[in-house]
$ cat coords-v9.txt   # compact mmCIF, C-alpha atoms
# COMPACT_ATOMS: atom_id res chain seq x y z
CA MET A 28 -36.18 3.35 -93.70
CA ARG A 29 -37.43 6.58 -92.30
CA LYS A 30 -39.12 8.89 -94.68
CA LEU A 31 -38.83 12.26 -93.15
CA ILE A 32 -39.97 15.30 -94.94
CA LEU A 33 -40.03 18.00 -92.41
CA THR A 34 -37.41 20.58 -92.48
CA LEU A 35 -37.39 23.60 -90.40
CA ILE A 36 -38.34 24.51 -87.00
CA VAL A 37 -38.28 27.29 -84.77
CA ILE A 38 -38.47 28.56 -81.35
CA SER A 39 -40.09 31.23 -79.43
CA THR A 40 -40.53 32.00 -75.83
CA LEU A 41 -42.93 33.83 -73.62
CA GLY A 42 -41.40 37.09 -72.57
CA PHE A 43 -38.26 36.58 -74.59
CA SER A 44 -35.32 34.99 -72.93
CA ALA A 45 -33.74 36.43 -69.89
CA CYS A 46 -30.33 36.81 -71.45
CA GLU A 47 -31.64 39.46 -73.76
CA LYS A 48 -33.42 41.62 -71.30
CA ASP A 49 -30.87 44.38 -71.48
CA ALA A 50 -30.88 44.60 -75.24
CA GLY A 51 -31.56 47.97 -76.68
CA ASN A 52 -28.90 50.01 -74.96
CA ILE A 53 -27.16 50.03 -78.25
CA ASN A 54 -24.34 52.26 -79.14
CA ASN A 55 -20.85 52.09 -77.91
CA GLY A 56 -19.54 50.55 -74.83
CA GLY A 57 -22.21 48.36 -73.34
CA SER A 58 -21.88 44.62 -73.08
CA SER A 59 -25.49 43.89 -73.91
CA SER A 60 -26.43 41.47 -76.63
CA GLY A 61 -29.07 41.87 -79.30
CA GLU A 62 -32.09 39.88 -80.37
CA GLY A 63 -32.28 37.26 -83.07
CA GLY A 64 -35.16 35.51 -84.72
CA SER A 65 -36.39 31.99 -84.18
CA LEU A 66 -34.36 30.62 -87.08
CA ALA A 67 -31.07 31.66 -85.49
CA ARG A 68 -28.04 29.41 -85.46
CA PHE A 69 -26.07 31.76 -83.20
CA THR A 70 -27.16 32.85 -79.76
CA ILE A 71 -25.51 34.55 -76.81
CA VAL A 72 -26.29 33.55 -73.24
CA ASN A 73 -24.54 35.76 -70.74
CA ASN A 74 -20.84 35.46 -71.56
CA HIS A 75 -21.04 32.60 -74.02
CA LEU A 76 -21.76 32.42 -77.70
CA TYR A 77 -23.41 29.19 -78.84
CA THR A 78 -23.36 28.26 -82.51
CA ILE A 79 -24.73 25.33 -84.41
CA ASP A 80 -23.62 23.96 -87.72
CA ASN A 81 -25.20 20.99 -89.43
CA GLU A 82 -24.03 18.57 -86.77
CA ASN A 83 -22.40 20.35 -83.85
CA LEU A 84 -23.02 22.75 -81.03
CA SER A 85 -19.95 24.93 -80.37
CA VAL A 86 -19.29 27.11 -77.35
CA PHE A 87 -17.19 30.29 -77.29
CA ASP A 88 -16.31 32.38 -74.26
CA VAL A 89 -17.04 36.02 -75.14
CA THR A 90 -16.28 37.53 -71.75
CA ASN A 91 -13.74 39.55 -73.66
CA THR A 92 -16.10 40.45 -76.48
CA ALA A 93 -13.33 41.41 -78.90
CA THR A 94 -11.63 38.04 -78.80
CA PRO A 95 -13.88 35.00 -78.51
CA VAL A 96 -12.22 31.90 -77.15
CA PHE A 97 -13.32 28.54 -78.50
CA LYS A 98 -14.20 26.27 -75.57
CA SER A 99 -15.95 23.12 -76.62
CA ARG A 100 -17.89 21.31 -79.27
CA VAL A 101 -20.63 18.74 -78.86
CA ASN A 102 -21.87 16.52 -81.64
CA ILE A 103 -25.66 16.75 -81.69
CA GLY A 104 -26.87 14.90 -84.75
CA PHE A 105 -27.66 15.53 -88.37
CA GLU A 106 -29.31 18.47 -90.05
CA ILE A 107 -29.42 20.80 -87.10
CA GLU A 108 -31.59 23.77 -87.97
CA ALA A 109 -31.99 26.23 -85.14
CA LEU A 110 -31.32 26.83 -81.50
CA PHE A 111 -33.16 28.69 -78.84
CA PRO A 112 -32.01 29.58 -75.35
CA PHE A 113 -34.29 29.61 -72.38
CA LYS A 114 -32.87 30.15 -68.92
CA ASP A 115 -30.30 27.41 -68.35
CA LYS A 116 -31.51 25.34 -71.29
CA LEU A 117 -30.78 25.31 -74.98
CA PHE A 118 -33.44 23.97 -77.30
CA ILE A 119 -31.94 22.66 -80.49
CA ALA A 120 -34.04 21.80 -83.48
CA SER A 121 -33.00 19.34 -86.11
CA ARG A 122 -34.80 17.86 -89.03
CA PHE A 123 -35.30 14.72 -87.00
CA ALA A 124 -35.70 15.68 -83.39
CA MET A 125 -35.66 18.28 -80.70
CA TYR A 126 -32.80 18.21 -78.24
CA ILE A 127 -32.76 19.92 -74.89
CA TYR A 128 -29.34 20.70 -73.42
CA ASP A 129 -28.64 21.92 -69.94
CA ILE A 130 -26.10 24.75 -69.87
CA SER A 131 -25.91 25.41 -66.14
CA ASN A 132 -22.26 24.74 -66.72
CA PRO A 133 -21.99 27.04 -69.76
CA GLU A 134 -18.98 25.41 -71.35
CA GLN A 135 -20.15 21.83 -70.83
CA PRO A 136 -23.59 21.44 -72.40
CA VAL A 137 -25.25 18.25 -71.24
CA GLN A 138 -28.05 16.59 -73.13
CA GLU A 139 -31.13 16.45 -71.00
CA SER A 140 -33.53 14.94 -73.47
CA GLN A 141 -34.01 14.09 -77.08
CA VAL A 142 -37.52 14.05 -78.36
CA GLN A 143 -38.01 12.31 -81.65
CA HIS A 144 -41.72 11.87 -81.68
CA PHE A 145 -42.06 15.32 -83.11
CA THR A 146 -42.55 13.43 -86.32
CA GLY A 147 -39.01 14.10 -87.21
CA CYS A 148 -38.36 17.71 -87.42
CA ASP A 149 -37.58 20.69 -85.43
CA PRO A 150 -38.67 22.35 -82.38
CA VAL A 151 -38.65 25.13 -80.38
CA VAL A 152 -39.72 26.73 -77.40
CA ALA A 153 -41.47 28.60 -74.87
CA ASN A 154 -41.92 29.77 -71.40
CA ASP A 155 -41.54 27.66 -68.32
CA SER A 156 -44.38 25.43 -69.29
CA VAL A 157 -45.20 25.65 -72.97
CA ALA A 158 -43.24 25.09 -76.18
CA PHE A 159 -44.36 26.18 -79.61
CA LEU A 160 -43.08 24.27 -82.56
CA THR A 161 -43.69 24.65 -86.25
CA ILE A 162 -43.22 21.80 -88.65
CA HIS A 163 -43.09 22.44 -92.33
CA GLY A 164 -43.16 19.71 -94.86
CA GLY A 165 -41.28 19.36 -98.06
CA ASN A 166 -42.39 17.36 -101.01
CA ALA A 167 -39.69 14.74 -100.99
CA CYS A 168 -40.03 11.22 -99.68
CA GLY A 169 -43.62 11.01 -98.77
CA SER A 170 -46.42 12.96 -97.30
CA SER A 171 -46.20 16.44 -96.03
CA ILE A 172 -46.96 17.79 -92.60
CA ASN A 173 -47.47 21.47 -91.99
CA GLU A 174 -48.60 22.40 -88.56
CA LEU A 175 -48.12 24.20 -85.31
CA ASN A 176 -47.63 21.96 -82.31
CA ILE A 177 -47.97 23.18 -78.76
CA TYR A 178 -46.30 21.13 -76.05
CA ASP A 179 -46.51 21.08 -72.31
CA ILE A 180 -42.89 21.07 -71.15
CA LYS A 181 -43.35 21.31 -67.41
CA ASP A 182 -41.47 18.05 -67.39
CA VAL A 183 -38.71 18.93 -69.80
CA LYS A 184 -37.79 15.32 -70.27
CA ASN A 185 -41.25 14.31 -71.31
CA PRO A 186 -43.04 16.92 -73.45
CA GLN A 187 -46.76 16.33 -73.92
CA LEU A 188 -48.68 17.48 -76.96
CA MET A 189 -51.42 19.90 -75.90
CA SER A 190 -52.77 20.99 -79.25
CA ASN A 191 -51.95 21.40 -82.90
CA LEU A 192 -53.18 23.50 -85.77
CA PRO A 193 -52.85 22.92 -89.50
CA MET A 194 -50.68 25.44 -91.35
CA THR A 195 -49.73 26.13 -94.95
CA ASN A 196 -45.93 26.12 -94.75
CA PRO A 197 -44.86 27.56 -91.41
CA TYR A 198 -41.36 28.81 -90.55
CA GLY A 199 -40.45 31.25 -87.78
CA LEU A 200 -42.39 32.14 -84.67
CA GLY A 201 -42.52 34.97 -82.21
CA LEU A 202 -44.35 35.51 -78.98
CA LYS A 203 -45.46 38.64 -77.16
CA ASP A 204 -47.49 38.28 -74.04
CA SER A 205 -50.11 35.71 -74.97
CA ILE A 206 -50.03 36.49 -78.68
CA LEU A 207 -48.19 34.13 -81.00
CA TYR A 208 -47.04 35.25 -84.46
CA ILE A 209 -46.48 32.51 -86.99
CA CYS A 210 -44.76 33.07 -90.31
CA ASP A 211 -46.85 30.84 -92.50
CA ASN A 212 -45.16 31.11 -95.85
CA GLY A 213 -47.80 31.31 -98.53
CA ALA A 214 -50.53 32.34 -96.14
CA GLY A 215 -49.02 35.30 -94.34
CA LEU A 216 -48.41 36.31 -90.76
CA ARG A 217 -50.89 34.47 -88.58
CA ILE A 218 -51.86 35.94 -85.24
CA LEU A 219 -53.03 33.61 -82.51
CA ASN A 220 -54.11 34.08 -78.94
CA VAL A 221 -52.45 31.29 -76.97
CA LYS A 222 -53.45 32.31 -73.49
CA ASN A 223 -55.01 28.90 -73.23
CA PRO A 224 -52.41 26.74 -75.00
CA SER A 225 -54.82 23.83 -75.19
CA ASN A 226 -57.12 25.93 -77.27
CA PRO A 227 -55.29 28.51 -79.40
CA ILE A 228 -57.57 31.04 -81.04
CA GLU A 229 -56.85 32.46 -84.48
CA LEU A 230 -57.32 36.20 -84.48
CA ALA A 231 -56.22 37.33 -87.91
CA THR A 232 -53.80 36.79 -90.78
CA LEU A 233 -51.78 39.52 -92.46
CA SER A 234 -51.52 38.22 -95.98
CA ASP A 235 -49.91 41.13 -97.80
CA ASP A 236 -46.35 39.92 -97.27
CA ASN A 237 -44.47 36.63 -97.14
CA TYR A 238 -43.04 36.35 -93.64
CA ILE A 239 -40.26 33.85 -92.86
CA ASP A 240 -39.29 34.92 -89.35
CA VAL A 241 -40.05 37.59 -86.77
CA ILE A 242 -38.41 39.29 -83.81
CA PRO A 243 -40.77 40.74 -81.21
CA SER A 244 -38.86 43.52 -79.48
CA GLY A 245 -40.90 45.61 -77.06
CA ASN A 246 -43.63 47.29 -79.08
CA LEU A 247 -41.89 46.52 -82.34
CA LEU A 248 -42.21 43.43 -84.48
CA ILE A 249 -39.52 43.01 -87.12
CA GLY A 250 -40.32 40.65 -89.94
CA MET A 251 -37.95 38.84 -92.28
CA LEU A 252 -39.74 38.68 -95.61
CA THR A 253 -38.89 36.55 -98.60
CA ASP A 254 -38.12 39.80 -100.38
CA GLY A 255 -36.86 42.06 -97.60
CA ILE A 256 -37.84 43.31 -94.17
CA ALA A 257 -40.90 44.81 -92.47
CA PHE A 258 -41.47 46.76 -89.27
CA LEU A 259 -44.76 46.57 -87.38
CA ASP A 260 -46.15 48.27 -84.31
CA ILE A 261 -47.40 45.77 -81.71
CA SER A 262 -48.34 48.13 -78.89
CA ASP A 263 -51.56 46.18 -79.16
CA PRO A 264 -50.05 42.72 -79.66
CA ALA A 265 -53.27 41.29 -81.05
CA SER A 266 -53.43 43.91 -83.76
CA PRO A 267 -50.06 44.54 -85.46
CA GLN A 268 -49.91 47.69 -87.56
CA LYS A 269 -47.41 47.74 -90.39
CA LEU A 270 -45.14 50.77 -90.23
CA SER A 271 -42.79 50.25 -93.13
CA ASP A 272 -40.85 47.83 -95.25
CA ILE A 273 -37.74 47.66 -97.41
CA LYS A 274 -37.91 45.30 -100.34
CA LYS A 275 -35.96 44.13 -103.33
CA MET B 20 -9.69 20.09 -97.04
CA LYS B 21 -9.90 16.78 -95.30
CA HIS B 22 -12.86 17.94 -93.26
CA SER B 23 -14.65 19.34 -96.25
CA LEU B 24 -14.15 16.07 -98.03
CA ILE B 25 -15.61 14.17 -95.13
CA ALA B 26 -18.48 16.62 -94.89
CA GLY B 27 -19.10 16.28 -98.59
CA VAL B 28 -19.11 12.52 -98.46
CA LEU B 29 -21.37 12.48 -95.42
CA GLY B 30 -23.65 14.97 -97.09
CA VAL B 31 -23.96 12.88 -100.21
CA LEU B 32 -24.53 9.73 -98.20
CA LEU B 33 -27.18 11.47 -96.18
CA MET B 34 -28.89 12.81 -99.24
CA ALA B 35 -28.78 9.51 -101.01
CA SER B 36 -30.02 7.63 -98.01
CA CYS B 37 -33.65 8.13 -98.72
CA ASP B 38 -33.92 6.18 -101.89
CA PHE B 39 -31.19 4.01 -103.31
CA GLN B 40 -33.33 3.00 -106.22
CA ARG B 41 -33.64 6.47 -107.63
CA THR B 42 -33.13 6.99 -111.33
CA TYR B 43 -31.55 10.19 -112.50
CA PRO B 44 -33.13 12.03 -115.44
CA ALA B 45 -31.14 13.40 -118.37
CA GLU B 46 -32.57 16.86 -117.95
CA ILE B 47 -34.51 18.33 -115.05
CA MET B 48 -34.95 21.52 -113.05
CA GLY B 49 -32.75 21.55 -109.97
CA TYR B 50 -29.91 23.31 -108.21
CA ALA B 51 -26.30 23.89 -109.13
CA PRO B 52 -23.75 25.01 -106.54
CA ILE B 53 -22.20 28.47 -106.85
CA TYR B 54 -18.53 28.32 -105.91
CA MET B 55 -16.10 30.90 -104.63
CA SER B 56 -12.34 30.63 -104.91
CA ALA B 57 -10.19 30.25 -101.82
CA THR B 58 -8.64 33.70 -102.24
CA ASP B 59 -11.97 35.52 -102.19
CA GLN B 60 -13.44 33.66 -99.25
CA TYR B 61 -11.96 35.76 -96.50
CA LYS B 62 -12.13 39.25 -98.00
CA ILE B 63 -14.08 41.45 -95.59
CA SER B 64 -15.04 45.00 -96.49
CA THR B 65 -17.73 47.60 -95.95
CA SER B 66 -19.51 49.30 -98.79
CA GLU B 67 -22.45 51.60 -99.34
CA ALA B 68 -25.96 50.25 -98.96
CA GLN B 69 -26.88 47.62 -101.53
CA ASP B 70 -30.09 46.22 -102.95
CA TYR B 71 -31.26 42.86 -101.71
CA ASP B 72 -30.18 39.81 -103.59
CA ASN B 73 -31.32 36.96 -101.37
CA PRO B 74 -32.69 38.38 -98.08
CA GLY B 75 -31.85 36.25 -95.05
CA LYS B 76 -32.12 36.23 -91.28
CA ILE B 77 -32.61 39.32 -89.18
CA TYR B 78 -31.03 40.58 -85.96
CA LYS B 79 -31.82 43.63 -83.84
CA TYR B 80 -29.24 45.54 -81.87
CA GLY B 81 -30.33 48.83 -80.36
CA ASN B 82 -31.21 51.30 -83.10
CA TYR B 83 -29.93 49.05 -85.84
CA THR B 84 -31.43 46.06 -87.56
CA PHE B 85 -29.16 43.74 -89.48
CA GLN B 86 -30.24 41.47 -92.29
CA MET B 87 -28.12 38.82 -93.93
CA ASP B 88 -27.94 38.55 -97.67
CA LYS B 89 -27.38 34.83 -97.85
CA GLY B 90 -23.77 34.02 -98.51
CA LYS B 91 -22.80 37.61 -99.31
CA GLY B 92 -22.89 39.72 -96.21
CA ILE B 93 -24.93 41.92 -93.93
CA HIS B 94 -27.24 44.84 -94.65
CA VAL B 95 -27.08 47.44 -91.89
CA ILE B 96 -30.41 49.19 -91.41
CA ASN B 97 -30.91 52.24 -89.25
CA SER B 98 -34.26 51.51 -87.60
CA THR B 99 -34.22 54.29 -85.02
CA ASP B 100 -37.53 55.37 -86.51
CA PRO B 101 -39.13 52.08 -87.55
CA ALA B 102 -41.59 53.99 -89.72
CA MET B 103 -38.67 55.22 -91.80
CA PRO B 104 -35.93 52.59 -91.76
CA SER B 105 -33.04 53.00 -94.14
CA LYS B 106 -30.18 50.85 -95.29
CA ILE B 107 -26.97 52.62 -94.45
CA LYS B 108 -24.18 50.13 -95.12
CA PHE B 109 -23.39 46.70 -96.43
CA ILE B 110 -20.74 44.57 -94.75
CA ASN B 111 -19.29 42.08 -97.21
CA VAL B 112 -18.83 38.78 -95.38
CA PRO B 113 -18.69 35.90 -97.88
CA GLY B 114 -20.47 32.79 -96.69
CA CYS B 115 -22.30 34.60 -93.90
CA THR B 116 -25.69 33.25 -92.87
CA ASP B 117 -25.82 34.02 -89.15
CA ILE B 118 -24.76 36.72 -86.74
CA SER B 119 -25.00 37.62 -83.10
CA ILE B 120 -23.89 40.80 -81.35
CA LYS B 121 -22.62 41.63 -77.89
CA GLY B 122 -21.06 44.85 -76.69
CA ASN B 123 -20.60 46.29 -80.18
CA MET B 124 -18.85 43.16 -81.37
CA LEU B 125 -20.58 41.35 -84.20
CA TYR B 126 -19.94 37.63 -84.57
CA ALA B 127 -20.47 36.13 -88.00
CA ASN B 128 -19.72 32.90 -89.78
CA ASN B 129 -17.25 33.42 -92.63
CA PHE B 130 -17.04 29.91 -94.06
CA ARG B 131 -14.90 27.90 -91.66
CA ASP B 132 -14.08 30.88 -89.45
CA LEU B 133 -15.90 32.71 -86.70
CA LEU B 134 -15.33 36.36 -87.51
CA THR B 135 -15.51 39.12 -84.90
CA LEU B 136 -16.21 42.60 -86.26
CA ASN B 137 -15.97 45.78 -84.23
CA ILE B 138 -19.09 47.81 -85.11
CA SER B 139 -18.79 50.55 -82.49
CA ASP B 140 -18.38 52.94 -85.42
CA ILE B 141 -20.73 51.57 -88.04
CA ASN B 142 -19.00 53.74 -90.65
CA ASN B 143 -15.68 52.14 -89.90
CA VAL B 144 -16.22 48.45 -89.27
CA THR B 145 -12.99 46.61 -88.49
CA VAL B 146 -12.03 42.97 -88.09
CA SER B 147 -11.29 42.42 -84.44
CA HIS B 148 -10.58 38.70 -84.39
CA ARG B 149 -10.82 35.50 -86.36
CA ASN B 150 -11.27 32.03 -84.85
CA LYS B 151 -10.00 29.89 -87.67
CA ASN B 152 -11.44 26.58 -88.82
CA VAL B 153 -14.06 26.27 -86.10
CA PHE B 154 -16.89 25.45 -88.50
CA PRO B 155 -17.33 22.78 -91.16
CA ALA B 156 -16.40 23.71 -94.70
CA SER B 157 -19.83 24.93 -95.61
CA LEU B 158 -23.20 25.40 -94.07
CA GLU B 159 -24.52 25.21 -97.60
CA SER B 160 -23.86 21.53 -98.09
CA ALA B 161 -27.31 20.91 -99.48
CA PRO B 162 -29.60 22.82 -101.84
CA PRO B 163 -32.30 24.94 -100.19
CA GLU B 164 -35.19 22.68 -101.07
CA ASN B 165 -36.26 19.13 -100.39
CA GLY B 166 -37.16 16.62 -103.06
CA ILE B 167 -34.83 18.13 -105.60
CA TYR B 168 -32.01 17.10 -107.92
CA PHE B 169 -28.70 18.95 -107.80
CA GLU B 170 -25.26 18.97 -109.32
CA CYS B 171 -22.99 17.06 -106.98
CA ILE B 172 -20.56 19.12 -104.95
CA ASP B 173 -16.99 19.35 -106.28
CA ASN B 174 -14.83 20.67 -103.47
CA SER B 175 -11.92 21.25 -105.82
CA GLN B 176 -13.79 24.23 -107.24
CA GLY B 177 -13.76 26.14 -103.97
CA VAL B 178 -16.45 26.58 -101.36
CA ILE B 179 -20.15 26.85 -102.00
CA VAL B 180 -21.58 30.30 -101.52
CA GLY B 181 -25.06 29.58 -102.75
CA TRP B 182 -27.26 27.62 -105.07
CA GLU B 183 -28.64 28.55 -108.44
CA LYS B 184 -31.88 27.03 -109.66
CA LYS B 185 -31.56 25.99 -113.27
CA MET B 186 -32.05 23.24 -115.83
CA LEU B 187 -29.58 20.46 -115.05
CA GLN B 188 -28.06 17.96 -117.43
CA ASN B 189 -27.55 14.48 -115.95
CA PRO B 190 -27.56 15.44 -112.28
CA LYS B 191 -26.20 12.67 -110.06
CA CYS B 192 -27.28 13.94 -106.65
CA TYR B 193 -30.68 14.25 -105.05
CA ARG B 194 -31.89 15.76 -101.80
CA PRO B 195 -34.86 13.78 -100.46
$ encode --input "coords-v9.txt" --output "C-alpha cells"
Amino acid sequence: MRKLILTLIVISTLGFSACEKDAGNINNGGSSSGEGGSLARFTIVNNHLYTIDNENLSVFDVTNTATPVFKSRVNIGFEIEALFPFKDKLFIASRFAMYIYDISNPEQPVQESQVQHFTGCDPVVANDSVAFLTIHGGNACGSSINELNIYDIKDVKNPQLMSNLPMTNPYGLGLKDSILYICDNGAGLRILNVKNPSNPIELATLSDDNYIDVIPSGNLLIGMLTDGIAFLDISDPASPQKLSDIKK
Amino acid sequence: MKHSLIAGVLGVLLMASCDFQRTYPAEIMGYAPIYMSATDQYKISTSEAQDYDNPGKIYKYGNYTFQMDKGKGIHVINSTDPAMPSKIKFINVPGCTDISIKGNMLYANNFRDLLTLNISDINNVTVSHRNKNVFPASLESAPPENGIYFECIDNSQGVIVGWEKKMLQNPKCYRP
C-alpha cells in the first residue's frame, strides 16, 4: 500500500503566463483576466475558464463573459490540488502526481503525460524549460518530505530532476525574472536566485510573516498570509520591500 | 444528493485506505464539520468590509485585490496604492474557495454551482449567471490537515462549509 504524505503543490512560471499579459487594465469594459496565485483551482486561458475539483477538470466557454457555458469535464484522478496554465499546456497537481494536459483544442483537454515519480504529490511549473515544484509533507502515514524540486521539462513527457532544496513546509511559489519566491510556512518567504536552475542560490528569507502563496505582478508582490495579506515592492526582485499588510 | 452521497462514500474510502487496522480513540483532538442548511447555501449578498475569519487565496484584478475568506466569501481590497490598501467590501458567497475574473465578471464556486458576478460597479455587485450543479457537493470533503481524526460527514445535515478543530468523542473517521 502506498504511504503518501505529501499534500500540496504549486506552480509558477517564468514571466507569468501569456494569457495574463493584458491584466491590469482593470475597470469596466475590458475583457482582460486577472492574476491568481499558485494554489489556484480556477484559471482563465483566453476564452476558457478551467476549474478543478477533487477529481475533475471542467471547461467553460467564457467568450460571453456574463454567461459561461459548460463544455466538458475530464476525470483526472484523486485529490487534485492546483492547476497552472502555460501556453497550450495545463499543469495539474494532485497529491499523487503531476499531470500535463494539452489544451491546443481548448474544449478537449488531452493528457500528455502523468508523472508520478514526484514522490506522490503535486507539481507545478515554469517556463519553457524549467518547472518548480514544492512538496510539503504531512505527519500522517509515514515520513515527511518538505522540499523544492526543480525539473527540466524541455521534454514535457519526461521531466528530469535538476536539483532540490530542503524546506520547512513549503506551499505557494512565484517567479519574477530569475528570482523565485517560496512560501515556506514556518520559515517565511524564501528568496532564491534560480538563474542557474541546477544550482539555486538562497539570497534571503523574510521571516516576519507566514506566507502561504504569492502573486508577482509587475513590480508588486502580493502575499497571502495565514492571517491576512501583504504587499511588497519587487522593483528589485532580489530584495522585496514590504509596503503594507492587512491582518486579522 | 446522489452525487454527494457518492462523493462522501468515496471520500471515506479514500481516507480509510491508508490503514485498515486503525483503532479509534474515545477522545482526541480533531476536526468536526461545520454544516450549512440548504436554504442558506445560495444566498449571495454584498456587505461592508469585514474582519478576516479564515484568510484564503488571493487574486489580483487591476486596482483591486480579492481575498477569499474560506467558505464565507470574498474580501474586496482597493490596492491602487499598495502602500495603503484598504478593504472596501465583502461579497458573501457561501462555500467559496476560488475565483477568477475576466472582463469585470467574477467567477466563483458556490457549492455545486459556478457563480458569475458582475463587478463592473464594485458597490453594486449583481449575480449575472449561475451554472447549476457543475461541481461536486463539496470541495471540503476532508479536514484541512493530514494525519488527523474527524467526525464523519453526515450529508443529511447540509453541506460542509468548514471544519472546526476541537476535542472529539469517539470519532470514526481518519484522514491519513
$ closest_residue --input "coords-v9.txt" --among "B:Gln188, B:Asp117, B:Arg149, B:Asn129" --to "A:Ala109" --atoms "all atoms listed in the file"
B:Asp117
$ closest_atom_pairs --input "coords-v9.txt" --of "chain B" --to "chain A" --cutoff "7 Å" --atoms "all atoms listed in the file" --output "CSV"
residue,atom,partner,partner_atom,distance
B:Cys37,CA,A:Lys30,CA,6.8
B:Asp70,CA,A:Lys275,CA,6.2
B:Tyr71,CA,A:Lys275,CA,5.1
B:Pro74,CA,A:Gly255,CA,5.6
B:Lys76,CA,A:Met251,CA,6.5
B:Ile77,CA,A:Met251,CA,6.2
B:Tyr78,CA,A:Gly63,CA,4.6
B:Lys79,CA,A:Glu62,CA,5.1
B:Tyr80,CA,A:Gly61,CA,4.5
B:Gly81,CA,A:Gly51,CA,4.0
B:Asn82,CA,A:Ile53,CA,6.4
B:Pro101,CA,A:Phe258,CA,6.1
B:Ala102,CA,A:Leu270,CA,4.8
B:Met103,CA,A:Ser271,CA,6.6
B:Asp117,CA,A:Arg68,CA,6.3
B:Ile118,CA,A:Phe69,CA,6.2
B:Ser119,CA,A:Phe69,CA,6.0
B:Ile120,CA,A:Ser60,CA,5.4
B:Lys121,CA,A:Ser60,CA,4.0
B:Gly122,CA,A:Ser58,CA,3.7
B:Asn123,CA,A:Asn55,CA,6.2
B:Met124,CA,A:Thr92,CA,6.2
B:Thr135,CA,A:Ala93,CA,6.8
B:Ser139,CA,A:Asn55,CA,5.3
B:Ser147,CA,A:Ala93,CA,6.0
B:His148,CA,A:Thr94,CA,5.7
B:Phe154,CA,A:Asp80,CA,6.9
B:Leu158,CA,A:Asp80,CA,6.5
B:Asn165,CA,A:Gly165,CA,5.5
B:Gly166,CA,A:Ala167,CA,3.8
B:Pro195,CA,A:Ala167,CA,5.0
$ closest_residue --input "coords-v9.txt" --among "B:Arg131, B:Val180, B:Asp100, B:Val146" --to "B:Asn73" --atoms "only C-alpha atoms"
B:Val180
$ atom_distance --input "coords-v9.txt" --atom1 "atom CA of B:Asn128" --atom2 "atom CA of A:Tyr238"
23.9 Å
$ atom_distance --input "coords-v9.txt" --atom1 "atom CA of A:Leu188" --atom2 "atom CA of A:Ile119"
17.9 Å
$ residues_around --input "coords-v9.txt" --residues "B:Ser66" --least-positions-apart "4" --cutoff "9 Å" --atoms "only C-alpha atoms" --output "ChimeraX atom specification"
/B:108-111
$ write_last_selection --input "coords-v9.txt" --atoms "C-alpha atoms" --output "CSV table (one decimal), in the frame of the given file"
chain,number,residue,atom,x,y,z
B,108,LYS,CA,-24.2,50.1,-95.1
B,109,PHE,CA,-23.4,46.7,-96.4
B,110,ILE,CA,-20.7,44.6,-94.8
B,111,ASN,CA,-19.3,42.1,-97.2
$ axis_aligned_box --input "coords-v9.txt" --around "stretch 245-263 of chain A" --padding-each-side "6 Å" --output "AutoDock Vina command-line options"
--center_x -44.2 --center_y 42.4 --center_z -88.7 --size_x 26.7 --size_y 23.7 --size_z 35.3
